[in-house]
Structure formats: structure tokens, C-alpha cells
Amino acid sequence: MRAPLLAVAAASLVACLDFERAVDQCLEVGRCLPPDGGAFDGGVELDAGTDAGSDAGCLPPHGFSPCDAGVCGLRWMPARPCVDGAPFALSAMPGSAPRVAARGDGSGFLVVWTERDASSRTVVRGLELSTTQPKAPFSVPSDGGAQVAPDVSFHGTQGIVVHGVDGGAVFAQRLGVDGAPFVIAGGRGATTEPSVASGGGFHLVAWVESIVGVPDPGVMARFVPLTGQVGTPLPSLGFTRPGSRPAIAFTGSEFLVAWEDALSNSGQIRYQLVPLPANDGGTVARTVPFEAPHLSPAVACGIGSCVVTWTAGQTSTCNSGRCIRAARIDGPTGAQQELDLSTAQWQQTGNAVAAHADGYVAAWVDLRPMAPGVYGARVRPDGGVLDVNGVPLVRTTGAVGNVAIACHEDLCLLVYEQR
């Protein structure tokens with residue numbers, strides 16, 4: 001009997017030493033995924049998709065985010081369910097509504113947010129691929145009042161920043177070329193919540209416009225060429241609720257704009273495919289209703305497909321009242337495949353999605369007990385969810401606001417508001 005017991009003890013000692021070495025390595029480089037692909041939780045190896053409200057996933061052993069206020073960033077390499085280092089500060093000042101875009105030349109990312117101080121200005125900050133040390137920030141001027149709800153996009157080396165202004169206008173400024181900010185929308189009614197995407201020689205800006213006498217705000221859009229004058233606004237794409245923000249992405253041949261539909265009692269998500277301007281300057285738009293309650297759509301497009309994510313209301317698979325759902329839209333056929341990213345029994349909201357080299361990544365704010373923070377999941381190009389119910393990317397003791405994510409090939413940058 002003694003020999004088997006000694007063998008067990010020796011095996012346990014080896015396992016313990018291996019675990020200590022793995023933890024030391026994790027502390028050194030900030031990565032906690034062991035070589036065989038599981039994740040450590042106090043010495044216990046867990047499947048990355050475990051829905052346990054625990055340390056399952058890639059959190060470093062200390063657990064909590066060292067970025068405890070302001071606008072924070074986190075590098076995520078989705079080839080495995082693991083973050084690359086600890087969160088870092090983009091701004092120690094209170095900020096809101098951060099957005100991020102990958103530079104078209106592959107050199108890094110650009111992050112924008114509204115700085116919540118007396119100026120309420122749009123702040124822009126660059127970050128190279130190889131570092132977590134952001135470049136010096138700069139602000140975007142406008143001719144209006146306080147700036148709100150910024151967004152950023154790139155077409156090759158040319159970027160564009162858009163933002164709303166209290167009082168009812170949407171401004172834009174091209175980056176990488178000379179020129180002052182110019183008006184995208186304003187004058188007919190209150191215009192807010194702009195979003196932008198780029199491709200095919202154009203930027204497309206979508207926003208929400210409230211007109212006196214019209215009960216629901218309209219979803220509007222306008223093409224901005226890389227040079228020259230902006231085009232005329234397109235006909236209204238649909239109607240949404242006040243305060244909702246449209247989502248937009250370029251499919252490779254046209255733009256997909258998604259929004260919360262104000263005309264359906266169930267709070268559906270609708271999207272519209274907007275082709276590039278024809279040679280005569282006209283557009284032909286196609287509307288496809290999407291039966292998907294309820295809130296805050298986000299959209300990303302890869303090769304041959306797009307993924308729309310949203311915060312779902314109560315459904316047959318969501319008992320908590322706030323789950324994260326998605327749909328893969330096939331490019332050639334338009335067929336829709338609905339997906340459950342997280343139906344964990346806690347409140348989840350503030351979702352974002354981006355395409356990367358091997359599929360899609362989604363992130364959201366998660367309030368599960370004892371383990372709140374930012375969670376994420378990977379989605380294969382065919383719609384398979386790799387991390388059901390998500391893995392924790394950021395653990396926080398404070399409130400987390402909006403999240404956004406962008407990817408360049410196999411490296412993604414997650415940004416979020418830490419309150």
C-alpha cells in the first residue's frame with residue numbers, strides 16, 4: 001500500500017510545482033492560459049467556457065483591473081480565449097462613450113471618447129500595435145456646444161471622427177488630410193447619436209434625427225467621400241426610439257446599418273443594406289426586418305458574413321431579462337442564424353462586436369454576482385460560439401460603462417468606461 005501512496009504524493013508534488021511555475025509565468029507576462037488550453041482558478045483547471053461566475057478565463061491571479069477610473073484599454077488576442085497583459089489607462093479623467101477603430105494601414109488603433117469635464121470635448125488618442133503606451137491625446141474642434149457620442153473609422157490611412165453637439169447637430173472631421181470640421185446634419189431637428197463606418201471609397205455616417213411633429217426619431221445616413229463635398233442625406237432608413245444609437249459596418253461591397261425599431265411593439269432590431277452610390281449619385285436601399293428583440297445593436301462584418309449583437313429582453317432562453325444574443329447574417333444568401341452568446345442568470349448589457357482574422361469577438365458589461373466586469377466570447381465564421389456565457393476579460397469593483405472593440409488581424413483592442 002505504501003508504494004501507491006508514495007506515487008500519488010510524488011505526482012501531486014510535480015503537479016503543484018508545475019502549477020507554481022505556470023502562475024509565476026502568468027504573473028510575469030499577464031497571461032493565464034496554461035499550455036493545454038484550460039484556465040487556472042486557484043489551482044483548478046477550468047474550461048474557458050465555464051459559466052461559474054469565477055476566475056474561469058484569462059484573468060491574471062490578482063483578479064482586479066489596475067485601471068480603476070476613466071477610460072481604459074485591454075489588448076485581447078482571440079486566437080485563444082486570453083487577454084494580452086493587464087488593463088491600462090487611456091485617460092484618468094472621467095470619460096464616456098468610448099469608441100475604437102483599427103487604422104487601415106495596420107499600424108495601430110485610434111480611440112475616441114467624450115471627456116466629462118467642463119469642456120465636454122471629444123478626445124482622440126492613438127495606440128500602436130506593439131505597445132500599451134498611448135500617444136499624446138488631441139481634441140476635435142467644432143462650431144457648436146458640448147460634444148457627445150463620438151465615433152471613429154478608417155479607410156486606408158484616412159480616418160474620420162464624428163460626434164454630436166448639444167443643441168442638435170452632427171459634425172465630422174477627416175483625419176490625415178487638411179480641413180476643418182464640417183456639418184453632417186443639423187437644422188431640420190435635433191440630431192444625435194452618430195455612428196460611422198468606411199469602405200468602397202466612402203465613409204457612411206448614420207445618426208438619429210428628431211423632427212417636430214414626427215412621433216419617433218428617424219434613422220438617417222449620409223455618404224462622405226474621401227475628398228470633396230459630402231453627399232445629400234439618404235431617405236430615412238426607419239424609425240427608432242430616443243437615445244438609441246444606430247450601428248454600422250461595411251460588408252465589402254455595401255454598408256449594413258442596424259437600429260432598434262420603434263414601430264414594433266416587441267422592440268425588434270432592424271437592418272438595412274445600403275449600396276455604394278451609383279455613378280449617377282443615387283442609391284438603392286433594401287430593408288430586411290430582423291425579428292430580434294430588443295436593445296442596443298452592434299454590428300461587424302468579415303469575409304462573407306456579418307454578425308449583429310444586441311442586449312436581449314426576456315425570451316425562452318433568457319430568464320434574467322438582459323442577455324447577450326447575436327445573429328450571423330450570411331453575405332451571399334442573407335440567411336440569418338440566431339446565437340446565444342450569454343444566457344447567464346444575471347444582468348448583461350452594453351455589448352460590442354468586431355471582426356478579426358479568424359471570426360468575430362463580442363464583449364459586454366456583466367453584473368453576475370461576485371464576478372462583475374467585462375466578459376467576452378469568440379464566434380467562428382460559421383456562427384459557432386466558442387465561449388458560451390463568456391469568459392471574464394476585466395474584473396472590477398466599480399461600475400463599468402460603455403464598451404467598444406476593434407481588431408487588426410489577430411490582435412483586438414477593447415476599450416471601456418470605468419466609473
# chains A, B, ... in the order shown; residues from 1 in each chain; ligands from 1
>>> residues_around(residues="region 190-195 of chain A", least_positions_apart="4", cutoff="7 Å", atoms="only C-alpha atoms", output="JSON list (two decimals) with N, CA and C atoms, in the first residue's frame")
[["chain", "number", "residue", "atom", "x", "y", "z"],
["A", 149, "ALA", "N", -21.19, 61.63, -27.83],
["A", 149, "ALA", "CA", -21.34, 60.44, -28.67],
["A", 149, "ALA", "C", -20.39, 60.43, -29.86],
["A", 151, "ASP", "N", -17.54, 58.89, -32.60],
["A", 151, "ASP", "CA", -17.21, 57.62, -33.23],
["A", 151, "ASP", "C", -16.07, 57.87, -34.20],
["A", 162, "VAL", "N", -16.56, 61.52, -35.98],
["A", 162, "VAL", "CA", -17.86, 62.20, -35.97],
["A", 162, "VAL", "C", -18.30, 62.33, -34.52],
["A", 163, "HIS", "N", -19.12, 63.33, -34.25],
["A", 163, "HIS", "CA", -19.68, 63.50, -32.91],
["A", 163, "HIS", "C", -20.92, 64.37, -32.98],
["A", 164, "GLY", "N", -21.77, 64.20, -32.00],
["A", 164, "GLY", "CA", -22.92, 65.08, -31.87],
["A", 164, "GLY", "C", -22.57, 66.29, -31.04],
["A", 167, "GLY", "N", -27.62, 70.65, -28.69],
["A", 167, "GLY", "CA", -28.29, 71.68, -29.45],
["A", 167, "GLY", "C", -28.71, 71.19, -30.81],
["A", 168, "GLY", "N", -28.22, 69.99, -31.21],
["A", 168, "GLY", "CA", -28.80, 69.36, -32.38],
["A", 168, "GLY", "C", -28.03, 69.42, -33.66],
["A", 169, "ALA", "N", -26.78, 68.96, -33.70],
["A", 169, "ALA", "CA", -26.03, 68.89, -34.95],
["A", 169, "ALA", "C", -25.05, 67.73, -34.86],
["A", 170, "VAL", "N", -24.63, 67.23, -36.02],
["A", 170, "VAL", "CA", -23.60, 66.21, -36.12],
["A", 170, "VAL", "C", -22.45, 66.78, -36.94],
["A", 185, "ALA", "N", -25.11, 66.92, -40.28],
["A", 185, "ALA", "CA", -26.57, 67.07, -40.14],
["A", 185, "ALA", "C", -26.85, 68.16, -39.13],
["A", 186, "GLY", "N", -27.98, 68.81, -39.31],
["A", 186, "GLY", "CA", -28.41, 69.86, -38.40],
["A", 186, "GLY", "C", -29.30, 70.84, -39.12],
["A", 205, "VAL", "N", -22.02, 57.90, -42.58],
["A", 205, "VAL", "CA", -22.40, 58.35, -41.24],
["A", 205, "VAL", "C", -23.89, 58.13, -41.07],
["A", 206, "ALA", "N", -24.29, 57.49, -39.98],
["A", 206, "ALA", "CA", -25.70, 57.32, -39.64],
["A", 206, "ALA", "C", -25.95, 58.01, -38.31],
["A", 207, "TRP", "N", -27.15, 58.55, -38.15],
["A", 207, "TRP", "CA", -27.48, 59.25, -36.91],
["A", 207, "TRP", "C", -28.98, 59.18, -36.68],
["A", 208, "VAL", "N", -29.40, 59.70, -35.53],
["A", 208, "VAL", "CA", -30.81, 59.74, -35.15],
["A", 208, "VAL", "C", -31.27, 61.20, -35.21],
["A", 209, "GLU", "N", -32.41, 61.43, -35.87],
["A", 209, "GLU", "CA", -32.90, 62.80, -36.06],
["A", 209, "GLU", "C", -34.35, 62.90, -35.62],
["A", 210, "SER", "N", -34.60, 63.81, -34.70],
["A", 210, "SER", "CA", -35.96, 64.07, -34.20],
["A", 210, "SER", "C", -36.50, 65.32, -34.87],
["A", 211, "ILE", "N", -37.68, 65.19, -35.46],
["A", 211, "ILE", "CA", -38.31, 66.30, -36.18],
["A", 211, "ILE", "C", -39.63, 66.63, -35.50],
["A", 245, "ARG", "N", -28.77, 54.38, -30.51],
["A", 245, "ARG", "CA", -27.71, 54.71, -31.46],
["A", 245, "ARG", "C", -27.64, 53.65, -32.54],
["A", 246, "PRO", "N", -27.68, 54.03, -33.79],
["A", 246, "PRO", "CA", -27.57, 53.03, -34.86],
["A", 246, "PRO", "C", -26.17, 52.43, -34.90],
["A", 247, "ALA", "N", -26.07, 51.21, -35.43],
["A", 247, "ALA", "CA", -24.79, 50.54, -35.62],
["A", 247, "ALA", "C", -24.55, 50.39, -37.11],
["A", 248, "ILE", "N", -23.28, 50.39, -37.52],
["A", 248, "ILE", "CA", -22.98, 50.41, -38.94],
["A", 248, "ILE", "C", -21.67, 49.68, -39.21]]
>>> residues_around(residues="Ala101 (chain A)", least_positions_apart="5", cutoff="7 Å", atoms="only C-alpha atoms", output="ChimeraX atom specification")
/A:109-111,152-154,406
>>> atom_distance(atom1="CA of Cys412 (chain A)", atom2="CA of Ala86 (chain A)")
13.7 Å
>>> atom_distance(atom1="CA of Val365 (chain A)", atom2="CA of Gly106 (chain A)")
27.9 Å
